[in-house]
>>> print(open('work.pdb').read())   # PDB, C-alpha atoms
MODEL        1
ATOM      1  CA  MET A  16     -28.527  94.871 -30.389  1.00  0.00           C
ATOM      2  CA  ALA A  17     -29.034  93.493 -26.872  1.00  0.00           C
ATOM      3  CA  ASP A  18     -26.900  90.726 -25.440  1.00  0.00           C
ATOM      4  CA  SER A  19     -28.466  87.306 -25.742  1.00  0.00           C
ATOM      5  CA  PRO A  20     -29.446  85.744 -22.427  1.00  0.00           C
ATOM      6  CA  PRO A  21     -26.824  83.429 -20.957  1.00  0.00           C
ATOM      7  CA  ARG A  22     -27.263  79.699 -21.263  1.00  0.00           C
ATOM      8  CA  PRO A  23     -28.303  77.715 -18.173  1.00  0.00           C
ATOM      9  CA  ILE A  24     -25.477  76.546 -15.935  1.00  0.00           C
ATOM     10  CA  PRO A  25     -24.591  72.889 -16.633  1.00  0.00           C
ATOM     11  CA  PRO A  26     -25.151  70.413 -13.760  1.00  0.00           C
ATOM     12  CA  TYR A  27     -21.441  69.474 -13.619  1.00  0.00           C
ATOM     13  CA  VAL A  28     -20.508  73.022 -12.552  1.00  0.00           C
ATOM     14  CA  ASP A  29     -20.189  73.909  -8.862  1.00  0.00           C
ATOM     15  CA  ILE A  30     -20.467  77.622  -8.088  1.00  0.00           C
ATOM     16  CA  ARG A  31     -18.668  78.751  -4.950  1.00  0.00           C
ATOM     17  CA  ARG A  32     -19.375  82.328  -3.921  1.00  0.00           C
ATOM     18  CA  SER A  33     -17.324  84.195  -1.371  1.00  0.00           C
ATOM     19  CA  LYS A  34     -17.929  87.484   0.438  1.00  0.00           C
ATOM     20  CA  ARG A  35     -14.139  87.835   0.753  1.00  0.00           C
ATOM     21  CA  ARG A  36     -13.590  87.581  -3.006  1.00  0.00           C
ATOM     22  CA  LYS A  37     -14.036  91.096  -4.405  1.00  0.00           C
ATOM     23  CA  ARG A  38     -13.181  91.112  -8.123  1.00  0.00           C
ATOM     24  CA  THR A  39     -11.698  87.919  -9.446  1.00  0.00           C
ATOM     25  CA  VAL A  40     -13.394  84.878 -10.893  1.00  0.00           C
ATOM     26  CA  SER A  41     -11.461  81.654 -11.318  1.00  0.00           C
ATOM     27  CA  ALA A  42     -12.230  78.081 -12.259  1.00  0.00           C
ATOM     28  CA  TYR A  43     -10.607  74.674 -12.111  1.00  0.00           C
ATOM     29  CA  ARG A  44     -11.403  71.065 -12.913  1.00  0.00           C
ATOM     30  CA  ASP A  45     -12.045  68.667 -10.054  1.00  0.00           C
ATOM     31  CA  GLY A  46     -12.367  65.260 -11.693  1.00  0.00           C
ATOM     32  CA  GLU A  47     -15.436  65.389 -13.917  1.00  0.00           C
ATOM     33  CA  ARG A  48     -16.702  68.597 -12.282  1.00  0.00           C
ATOM     34  CA  VAL A  49     -15.780  72.234 -12.806  1.00  0.00           C
ATOM     35  CA  VAL A  50     -15.553  74.534  -9.781  1.00  0.00           C
ATOM     36  CA  VAL A  51     -16.063  78.257 -10.392  1.00  0.00           C
ATOM     37  CA  LEU A  52     -15.031  80.665  -7.627  1.00  0.00           C
ATOM     38  CA  MET A  53     -16.623  84.128  -7.721  1.00  0.00           C
ATOM     39  CA  PRO A  54     -17.564  87.132  -5.605  1.00  0.00           C
ATOM     40  CA  ASP A  55     -20.826  86.842  -3.664  1.00  0.00           C
ATOM     41  CA  ARG A  56     -22.182  90.137  -5.026  1.00  0.00           C
ATOM     42  CA  LEU A  57     -22.604  89.041  -8.676  1.00  0.00           C
ATOM     43  CA  SER A  58     -26.110  88.830 -10.113  1.00  0.00           C
ATOM     44  CA  ALA A  59     -27.507  85.604 -11.538  1.00  0.00           C
ATOM     45  CA  ALA A  60     -26.986  86.915 -15.085  1.00  0.00           C
ATOM     46  CA  GLU A  61     -23.363  87.876 -14.327  1.00  0.00           C
ATOM     47  CA  GLU A  62     -22.843  84.466 -12.719  1.00  0.00           C
ATOM     48  CA  ALA A  63     -24.123  82.677 -15.820  1.00  0.00           C
ATOM     49  CA  ARG A  64     -21.944  84.796 -18.138  1.00  0.00           C
ATOM     50  CA  TRP A  65     -18.867  84.154 -15.990  1.00  0.00           C
ATOM     51  CA  VAL A  66     -19.532  80.415 -15.940  1.00  0.00           C
ATOM     52  CA  GLU A  67     -19.775  80.414 -19.732  1.00  0.00           C
ATOM     53  CA  THR A  68     -16.529  82.424 -19.983  1.00  0.00           C
ATOM     54  CA  MET A  69     -14.668  80.177 -17.547  1.00  0.00           C
ATOM     55  CA  LEU A  70     -15.867  76.965 -19.246  1.00  0.00           C
ATOM     56  CA  ALA A  71     -14.597  78.318 -22.573  1.00  0.00           C
ATOM     57  CA  ARG A  72     -11.220  79.218 -21.015  1.00  0.00           C
ATOM     58  CA  LEU A  73     -10.855  75.790 -19.413  1.00  0.00           C
ATOM     59  CA  GLU A  74     -11.717  74.049 -22.681  1.00  0.00           C
ATOM     60  CA  LYS A  75      -9.201  76.182 -24.579  1.00  0.00           C
ATOM     61  CA  GLN A  76      -6.567  75.362 -21.959  1.00  0.00           C
ATOM     62  CA  ARG A  77      -7.423  71.651 -22.127  1.00  0.00           C
ATOM     63  CA  SER A  78      -7.259  71.526 -25.922  1.00  0.00           C
ATOM     64  CA  ARG A  79      -3.831  73.224 -25.864  1.00  0.00           C
ATOM     65  CA  SER A  80      -2.499  70.725 -23.356  1.00  0.00           C
ATOM     66  CA  ARG A  81      -3.873  67.562 -24.923  1.00  0.00           C
ATOM     67  CA  VAL A  82      -1.238  65.174 -26.074  1.00  0.00           C
ATOM     68  CA  SER A  83      -2.116  62.947 -29.004  1.00  0.00           C
ATOM     69  CA  ASP A  84      -1.956  59.151 -28.765  1.00  0.00           C
ATOM     70  CA  GLU A  85       1.045  59.250 -31.112  1.00  0.00           C
ATOM     71  CA  LYS A  86       2.918  61.631 -28.849  1.00  0.00           C
ATOM     72  CA  LEU A  87       1.912  59.529 -25.844  1.00  0.00           C
ATOM     73  CA  LEU A  88       3.430  56.424 -27.491  1.00  0.00           C
ATOM     74  CA  ALA A  89       6.606  58.375 -28.272  1.00  0.00           C
ATOM     75  CA  ARG A  90       6.776  59.596 -24.660  1.00  0.00           C
ATOM     76  CA  ALA A  91       6.333  56.022 -23.379  1.00  0.00           C
ATOM     77  CA  HIS A  92       9.202  54.893 -25.614  1.00  0.00           C
ATOM     78  CA  GLU A  93      11.419  57.727 -24.319  1.00  0.00           C
ATOM     79  CA  LEU A  94      10.618  56.891 -20.675  1.00  0.00           C
ATOM     80  CA  ALA A  95      11.209  53.180 -21.282  1.00  0.00           C
ATOM     81  CA  CYS A  96      14.622  53.874 -22.820  1.00  0.00           C
ATOM     82  CA  ARG A  97      15.583  56.119 -19.914  1.00  0.00           C
ATOM     83  CA  HIS A  98      14.189  54.166 -16.927  1.00  0.00           C
ATOM     84  CA  LEU A  99      13.243  50.644 -18.072  1.00  0.00           C
ATOM     85  CA  PRO A 100      15.526  49.639 -20.946  1.00  0.00           C
ATOM     86  CA  GLU A 101      14.546  45.972 -20.564  1.00  0.00           C
ATOM     87  CA  VAL A 102      10.846  46.649 -21.141  1.00  0.00           C
ATOM     88  CA  PRO A 103       9.360  45.315 -24.392  1.00  0.00           C
ATOM     89  CA  GLU A 104       8.041  47.927 -26.822  1.00  0.00           C
ATOM     90  CA  PRO A 105       4.338  48.606 -26.138  1.00  0.00           C
ATOM     91  CA  ALA A 106       2.089  47.869 -29.117  1.00  0.00           C
ATOM     92  CA  SER A 107      -0.160  50.818 -28.317  1.00  0.00           C
ATOM     93  CA  VAL A 108      -0.446  53.628 -25.810  1.00  0.00           C
ATOM     94  CA  ARG A 109      -3.612  55.702 -25.901  1.00  0.00           C
ATOM     95  CA  TRP A 110      -5.969  57.936 -23.965  1.00  0.00           C
ATOM     96  CA  VAL A 111      -9.327  56.478 -22.931  1.00  0.00           C
ATOM     97  CA  SER A 112     -12.322  58.203 -21.377  1.00  0.00           C
ATOM     98  CA  ASN A 113     -13.949  55.128 -19.829  1.00  0.00           C
ATOM     99  CA  GLN A 114     -11.585  54.664 -16.875  1.00  0.00           C
ATOM    100  CA  ASN A 115     -13.357  56.181 -13.898  1.00  0.00           C
ATOM    101  CA  ARG A 116     -11.643  54.205 -11.141  1.00  0.00           C
ATOM    102  CA  ARG A 117      -8.111  53.874 -12.534  1.00  0.00           C
ATOM    103  CA  TRP A 118      -5.462  56.251 -13.759  1.00  0.00           C
ATOM    104  CA  GLY A 119      -4.159  53.748 -16.275  1.00  0.00           C
ATOM    105  CA  SER A 120      -4.160  50.106 -17.253  1.00  0.00           C
ATOM    106  CA  CYS A 121      -1.967  47.659 -19.105  1.00  0.00           C
ATOM    107  CA  THR A 122      -2.693  44.393 -20.869  1.00  0.00           C
ATOM    108  CA  PRO A 123       0.671  42.581 -20.999  1.00  0.00           C
ATOM    109  CA  ALA A 124      -0.687  39.901 -23.364  1.00  0.00           C
ATOM    110  CA  ASP A 125      -1.161  42.373 -26.215  1.00  0.00           C
ATOM    111  CA  LYS A 126       1.265  45.018 -24.868  1.00  0.00           C
ATOM    112  CA  SER A 127      -1.372  47.748 -24.798  1.00  0.00           C
ATOM    113  CA  ILE A 128      -1.414  50.649 -22.353  1.00  0.00           C
ATOM    114  CA  ARG A 129      -4.345  52.953 -21.711  1.00  0.00           C
ATOM    115  CA  LEU A 130      -4.324  56.180 -19.694  1.00  0.00           C
ATOM    116  CA  SER A 131      -7.382  57.928 -18.317  1.00  0.00           C
ATOM    117  CA  THR A 132      -8.156  61.226 -20.025  1.00  0.00           C
ATOM    118  CA  ARG A 133      -8.497  62.656 -16.495  1.00  0.00           C
ATOM    119  CA  LEU A 134      -4.681  62.750 -16.427  1.00  0.00           C
ATOM    120  CA  GLN A 135      -4.562  65.234 -19.308  1.00  0.00           C
ATOM    121  CA  SER A 136      -4.983  68.222 -17.017  1.00  0.00           C
ATOM    122  CA  MET A 137      -2.269  67.037 -14.611  1.00  0.00           C
ATOM    123  CA  PRO A 138       1.432  67.925 -14.687  1.00  0.00           C
ATOM    124  CA  ALA A 139       3.558  66.058 -17.236  1.00  0.00           C
ATOM    125  CA  TRP A 140       5.649  64.398 -14.501  1.00  0.00           C
ATOM    126  CA  VAL A 141       2.466  62.776 -13.122  1.00  0.00           C
ATOM    127  CA  VAL A 142       1.520  61.454 -16.568  1.00  0.00           C
ATOM    128  CA  ASP A 143       5.108  60.208 -16.948  1.00  0.00           C
ATOM    129  CA  TYR A 144       4.819  58.359 -13.642  1.00  0.00           C
ATOM    130  CA  VAL A 145       1.617  56.607 -14.727  1.00  0.00           C
ATOM    131  CA  LEU A 146       3.283  55.681 -18.031  1.00  0.00           C
ATOM    132  CA  VAL A 147       6.290  54.205 -16.187  1.00  0.00           C
ATOM    133  CA  HIS A 148       3.906  52.337 -13.859  1.00  0.00           C
ATOM    134  CA  GLU A 149       2.075  50.795 -16.816  1.00  0.00           C
ATOM    135  CA  LEU A 150       5.316  50.077 -18.710  1.00  0.00           C
ATOM    136  CA  ALA A 151       6.577  48.171 -15.661  1.00  0.00           C
ATOM    137  CA  HIS A 152       3.543  45.903 -16.017  1.00  0.00           C
ATOM    138  CA  LEU A 153       4.926  44.759 -19.377  1.00  0.00           C
ATOM    139  CA  ILE A 154       7.753  43.158 -17.359  1.00  0.00           C
ATOM    140  CA  GLU A 155       5.942  42.322 -14.117  1.00  0.00           C
ATOM    141  CA  PRO A 156       2.120  42.013 -14.260  1.00  0.00           C
ATOM    142  CA  THR A 157       1.550  42.018 -10.483  1.00  0.00           C
ATOM    143  CA  HIS A 158       2.196  44.695  -7.872  1.00  0.00           C
ATOM    144  CA  ASN A 159       4.991  42.760  -6.147  1.00  0.00           C
ATOM    145  CA  ALA A 160       8.338  44.043  -4.834  1.00  0.00           C
ATOM    146  CA  THR A 161      10.046  43.553  -8.216  1.00  0.00           C
ATOM    147  CA  PHE A 162       7.349  45.663  -9.873  1.00  0.00           C
ATOM    148  CA  TRP A 163       7.693  48.513  -7.356  1.00  0.00           C
ATOM    149  CA  ASP A 164      11.486  48.447  -7.737  1.00  0.00           C
ATOM    150  CA  LEU A 165      10.980  49.002 -11.469  1.00  0.00           C
ATOM    151  CA  VAL A 166       8.459  51.817 -10.950  1.00  0.00           C
ATOM    152  CA  HIS A 167      10.666  53.608  -8.447  1.00  0.00           C
ATOM    153  CA  ARG A 168      13.432  53.968 -11.018  1.00  0.00           C
ATOM    154  CA  TYR A 169      11.390  56.984 -12.108  1.00  0.00           C
ATOM    155  CA  PRO A 170      12.880  59.815 -10.000  1.00  0.00           C
ATOM    156  CA  LYS A 171       9.562  61.531  -9.251  1.00  0.00           C
ATOM    157  CA  ALA A 172       7.663  58.329  -8.415  1.00  0.00           C
ATOM    158  CA  GLU A 173       6.984  59.130  -4.758  1.00  0.00           C
ATOM    159  CA  ARG A 174       6.014  62.702  -5.547  1.00  0.00           C
ATOM    160  CA  ALA A 175       3.594  61.564  -8.281  1.00  0.00           C
ATOM    161  CA  GLU A 176       2.084  58.886  -6.029  1.00  0.00           C
ATOM    162  CA  GLY A 177       1.431  61.563  -3.413  1.00  0.00           C
ATOM    163  CA  TYR A 178      -0.079  63.871  -6.015  1.00  0.00           C
ATOM    164  CA  LEU A 179      -2.467  61.176  -7.265  1.00  0.00           C
ATOM    165  CA  GLU A 180      -3.417  60.193  -3.711  1.00  0.00           C
ATOM    166  CA  GLY A 181      -4.169  63.844  -2.985  1.00  0.00           C
ATOM    167  CA  VAL A 182      -6.332  64.204  -6.087  1.00  0.00           C
ATOM    168  CA  SER A 183      -8.221  61.043  -5.139  1.00  0.00           C
ATOM    169  CA  ALA A 184      -8.718  62.209  -1.553  1.00  0.00           C
ATOM    170  CA  ALA A 185      -9.804  65.683  -2.622  1.00  0.00           C
ATOM    171  CA  SER A 186     -12.308  64.212  -5.024  1.00  0.00           C
ATOM    172  CA  SER A 187     -13.533  61.770  -2.368  1.00  0.00           C
ATOM    173  CA  LEU A 188     -12.999  59.053  -4.906  1.00  0.00           C
ATOM    174  CA  ASN A 189     -11.936  55.522  -4.185  1.00  0.00           C
ATOM    175  CA  PHE A 190      -9.414  54.679  -6.903  1.00  0.00           C
ATOM    176  CA  GLU A 191      -8.072  51.169  -7.124  1.00  0.00           C
ATOM    177  CA  ASP A 192      -4.430  50.601  -7.821  1.00  0.00           C
ATOM    178  CA  PHE A 193      -3.724  51.416 -11.433  1.00  0.00           C
TER
ENDMDL
END
>>> encode(input="work.pdb", output="structure tokens")
Amino acid sequence: MADSPPRPIPPYVDIRRSKRRKRTVSAYRDGERVVVLMPDRLSAAEEARWVETMLARLEKQRSRSRVSDEKLLARAHELACRHLPEVPEPASVRWVSNQNRRWGSCTPADKSIRLSTRLQSMPAWVVDYVLVHELAHLIEPTHNATFWDLVHRYPKAERAEGYLEGVSAASSLNFEDF
């Protein structure tokens, strides 16, 4: 039985071929896009098969790393106890897919925190930083000096800020403050 023809390459996939790359194919997420790096010599059919393979691998990796809303709430509680013991308990902490210009948001009035699903593929210490940032808004709603003093109790705050700035710059995106 012959192999079925590969599906067309989705529009959110960027193919980057290289004459220097000889054997390996790799892929990574860049915001909403997927970048697939492959040798220049592959045929169109091989390219399509590799894209399908790499998309499946990335999805498997993403599903393994997804943290449920319940676990996110528990993590927020743990971070609050460790770094912001005076913060009121958030009513809800959840992932949302509709935040394209923010990493997270907080509504102090109802004590709800929302994190962009784009953070799910980032290191845990970056997600923790965004959680601490949003938890600090439960005490101080504005980005004043008191607020930043609270946020910088998180030991990796500067590192995470740099990471997020780098992701934004690399994506050529213009993110507002959280």
>>> resolve_selection(input="work.pdb", expression="the PyMOL selection byres ((chain A and resi 105) around 12)", output="PyMOL selection string")
chain A and resi 87-95+101-104+106-109+121-129+146-147+149-154
>>> residues_near_point(input="work.pdb", point="(-20.1, 71.0, -11.8)", cutoff="7 Å", atoms="only C-alpha atoms", output="ChimeraX atom specification")
/A:25-29,48-50
>>> atom_distance(input="work.pdb", atom1="CA of Arg133 (chain A)", atom2="CA of Gln114 (chain A)")
8.6 Å
>>> closest_residue(input="work.pdb", among="A:Arg32, A:Ala185, A:Arg116, A:Val166", to="Ala59 (chain A)", atoms="only C-alpha atoms")
A:Arg32
>>> residues_around(input="work.pdb", residues="region 139-145 of chain A", least_positions_apart="3", cutoff="9 Å", atoms="all atoms listed in the file", output="ChimeraX atom specification")
/A:90-91,94,118-119,130,134-136,148-150,166,169-172,174-176,178-179,193
>>> write_last_selection(input="work.pdb", atoms="C-alpha atoms", output="PDB file, keeping the file's coordinate frame")
ATOM      1  CA  ARG A  90       6.776  59.596 -24.660  1.00  0.00           C
ATOM      2  CA  ALA A  91       6.333  56.022 -23.379  1.00  0.00           C
ATOM      3  CA  LEU A  94      10.618  56.891 -20.675  1.00  0.00           C
ATOM      4  CA  TRP A 118      -5.462  56.251 -13.759  1.00  0.00           C
ATOM      5  CA  GLY A 119      -4.159  53.748 -16.275  1.00  0.00           C
ATOM      6  CA  LEU A 130      -4.324  56.180 -19.694  1.00  0.00           C
ATOM      7  CA  LEU A 134      -4.681  62.750 -16.427  1.00  0.00           C
ATOM      8  CA  GLN A 135      -4.562  65.234 -19.308  1.00  0.00           C
ATOM      9  CA  SER A 136      -4.983  68.222 -17.017  1.00  0.00           C
ATOM     10  CA  HIS A 148       3.906  52.337 -13.859  1.00  0.00           C
ATOM     11  CA  GLU A 149       2.075  50.795 -16.816  1.00  0.00           C
ATOM     12  CA  LEU A 150       5.316  50.077 -18.710  1.00  0.00           C
ATOM     13  CA  VAL A 166       8.459  51.817 -10.950  1.00  0.00           C
ATOM     14  CA  TYR A 169      11.390  56.984 -12.108  1.00  0.00           C
ATOM     15  CA  PRO A 170      12.880  59.815 -10.000  1.00  0.00           C
ATOM     16  CA  LYS A 171       9.562  61.531  -9.251  1.00  0.00           C
ATOM     17  CA  ALA A 172       7.663  58.329  -8.415  1.00  0.00           C
ATOM     18  CA  ARG A 174       6.014  62.702  -5.547  1.00  0.00           C
ATOM     19  CA  ALA A 175       3.594  61.564  -8.281  1.00  0.00           C
ATOM     20  CA  GLU A 176       2.084  58.886  -6.029  1.00  0.00           C
ATOM     21  CA  TYR A 178      -0.079  63.871  -6.015  1.00  0.00           C
ATOM     22  CA  LEU A 179      -2.467  61.176  -7.265  1.00  0.00           C
ATOM     23  CA  PHE A 193      -3.724  51.416 -11.433  1.00  0.00           C
TER      24      PHE A 193
END
>>> atom_distance(input="work.pdb", atom1="CA of Trp110 (chain A)", atom2="CA of Arg44 (chain A)")
18.0 Å
>>> closest_residue(input="work.pdb", among="A:Ile24, A:Ala160, A:Met137, A:Leu99", to="Gln76 (chain A)", atoms="only C-alpha atoms")
A:Met137
>>> residues_around(input="work.pdb", residues="Arg56 (chain A)", least_positions_apart="5", cutoff="10 Å", atoms="all atoms listed in the file", output="NGL selection string")
:A and (32-34 or 36-38 or 61-62)
>>> atom_distance(input="work.pdb", atom1="CA of Ile30 (chain A)", atom2="CA of Glu67 (chain A)")
12.0 Å
>>> resolve_selection(input="work.pdb", expression="the PyMOL selection byres ((chain A and resi 72) around 12)", output="count of residues only")
21
